[in-house]
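First the structure, in the form of structure tokens, and then the observations on it.
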Amino acid sequence: MSSLVKPKVSIVRCDGYEGTRLRSALRESLDLIGGLGAFVKRSSRVLIKPNLLSARIPDEAVDTHPGFVREVAALVKEAGGLPAIGDSPGSFFTIKSIDEVYEKSGIKRVADEIGAELVRFDRIVHIDGYPIAEVFDKYDLVINLPKLKTHSLAMLTGAIKNTFGFVPGLSKVQCHKKAPHINEFSKILADIFSITKPGLSIMDGIIGMDGDGPAAGRAREFGLILASPDAASLDAVFSHIAGLPYSRNIVLKEVTERNLGCGRLGDIEVVGENLDSVRIRDFRLPKTELIYRLPSWLSGPIARLIGFSPVINEVSCKKCNICKEACPVGALTIDEHISKIDKAKCIKCFCCHEVCPHDAINIKRNLFAKMIWQ
Ligand code: SF4
Ligand code: SF4
């Protein structure tokens with residue numbers, strides 16, 4: 001991105017979701033990038049879009065914490081705006097399923113407390129061939145609230161990836177079917193990001209997740225809030241903090257090379273905490289990251305040899321069928337006798353792993369992958 005003014009990303013520490021302390025940390029993070037008043041005008045309608053992957057309780061760190069959403073909504077009101085809250089989870093879309101996510105994640109409670117409208121992404125428009133939730137341009141401003149987490153396919157799920165939530169429910173599965181590999185999938189993510197670009201992103205990195213995210217990793221206290229008007233810049237800072245170099249952050253590279261945002265650290269002004277003081281030295285990337293460490297000319301053939309496969313843990317499986325609905329190629333059989341994945345059909349998109357609400361799908365390495373890993 002060639003610009004004389006560098007996009008800003010603020011980094012502020014915050015050690016919990018208690019209202020007063022969190023609100024003041026959020027205010028500080030926003031003041032560092034010009035203040036919320038620069039984004040929210042009096043009586044403007046503001047859609048707050050957290051990352052609500054599935055119906056999980058806040059302590060599991062799968063969804064943006066309800067306390068974080070509440071305090072952002074309170075600040076929007078304080079600035080004179082009218083907040084609404086909404087997202088579309090990863091699994092199949094029914095009124096019942098989205099209401100269950102809003103209920104269990106704590107979002108319904110905070111929307112009631114703060115007096116914010118709770119929006120369902122139930123109307124679709126088609127833009128550039130993509131089904132997009134109609135709400136995306138019905139508001140004066142979208143505030144994007146990603147969670148600081150890993151992702152087994154995209155490596156990290158940050159501010160750019162959170163806009164994929166504008167593709168409602170199971171329509172996401174069709175995108176995975178069209179683009180099973182991250183190289184193609186990153187193009188889809190960049191397309192959707194270009195359509196739905198949020199005006200402001202604030203990352204909930206107070207308690208996040210490393211390891212095999214976005215749902216089955218390790219919940220960890222990181223104590224961080226990142227904020228920026230440029231989602232790509234925010235992700236560049238997050239990537240640095242997590243130890244994933246730009247060259248291996250395929251989604252960020254795609255967005256930056258298409259000039260949709262600024263993903264190169266040198267072109268970004270970091271304000272607040274010193275960037276190197278917040279690096280998480282022991283941050284665990286997903287197992288699948290191994291493939292992205294190979295030179296690109298090797299990653300095709302070797303990636304096929306290095307097997308990473310989803311495997312169902314029969315003991316933990318509750319036969320809820322959510323994974324089956326989410327699989328783009330119908331590779332899962334779930335019945336009272338068995339839960340299994342047809343390896344010949346599986347395209348390794350890891351959607352099943354992402355949506356399983358009981359962490360019953362693990363990612364396993366084959367022998368060759370284990371040898372290389374060691
Ligand atoms: S593996 Fe998970 S998502 Fe699939 S049926 Fe079992 S519990 Fe449900
Ligand atoms: S079984 Fe899981 S990883 Fe394989 S194609 Fe289906 S959803 Fe994707």
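Within each chain, counting starts at residue 1; across the structure tokens, chains are named A, B, ... in the order shown, with ligands numbered 1 upward in that order.
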
Leaving out Ile206 of chain A and any residue of its chain fewer than 5 positions from it, which residues lie within 6 Å of it when counting only C-alpha atoms, given as a PDB file with C-alpha atoms, in the first residue's frame?
```
ATOM      1  CA  GLU A 221      -4.879 -15.364  28.752  1.00  0.00           C
ATOM      2  CA  PHE A 222      -3.048 -12.929  26.471  1.00  0.00           C
ATOM      3  CA  GLY A 223      -4.379  -9.710  28.020  1.00  0.00           C
ATOM      4  CA  LEU A 224      -4.378  -7.696  24.790  1.00  0.00           C
TER       5      LEU A 224
END
```

Exercise for review: Within 7 Å of ligand 2, which residues show up when you count only C-alpha atoms and all ligand atoms? List them as an NGL selection string, please.
Suggested key: :A and (309-310 or 323 or 326-332 or 341 or 345-353)

Practice item. Mind checking which residues fall within 10 Å of segment 188-192 of chain A, counting only C-alpha atoms, ignoring those fewer than 6 positions away in the same chain, and posting them as a list in words? Key: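 Residues near the query, excluding close chain neighbours: Ile127, Asp128, Tyr130, Pro131, Ile132, Ala154, Ile160, Lys161, Asn162, Thr163, Phe164, Gly165, Phe166, Val167, Cys175, His176, Lys178, Ala179, Ile182, Val251, Leu252, Lys253, Glu254, Val255, Thr256, Arg258 and Leu260 of chain A.
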
Practice item. Go through the chains and note each residue within 12 Å of ligand 1, using only C-alpha atoms and all ligand atoms, then give the set as a count of residues only. Key: 49

Point to revise | Residue with smallest distance to Tyr246 of chain A - pool A:Met203, A:Pro286, A:His65, A:Ser233, counting only C-alpha atoms | key: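 Among A:Met203, A:Pro286, A:His65, A:Ser233, it is A:Ser233 that comes nearest to Tyr246 of chain A.
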
Practice item. Using only C-alpha atoms, find the one residue out of A:Ala133, A:Ile124, A:Ile291, A:Val62 that sits nearest to His181 of chain A. Key: A:Ile291

Review point. Leaving out segment 28-45 of chain A and any residue of its chain fewer than 6 positions from it, which residues lie within 10 Å of it when counting only C-alpha atoms, given as an NGL selection string?
Key: :A and (7-13 or 22 or 72 or 75-84 or 138-143 or 199-200 or 202 or 225-229 or 269-272)
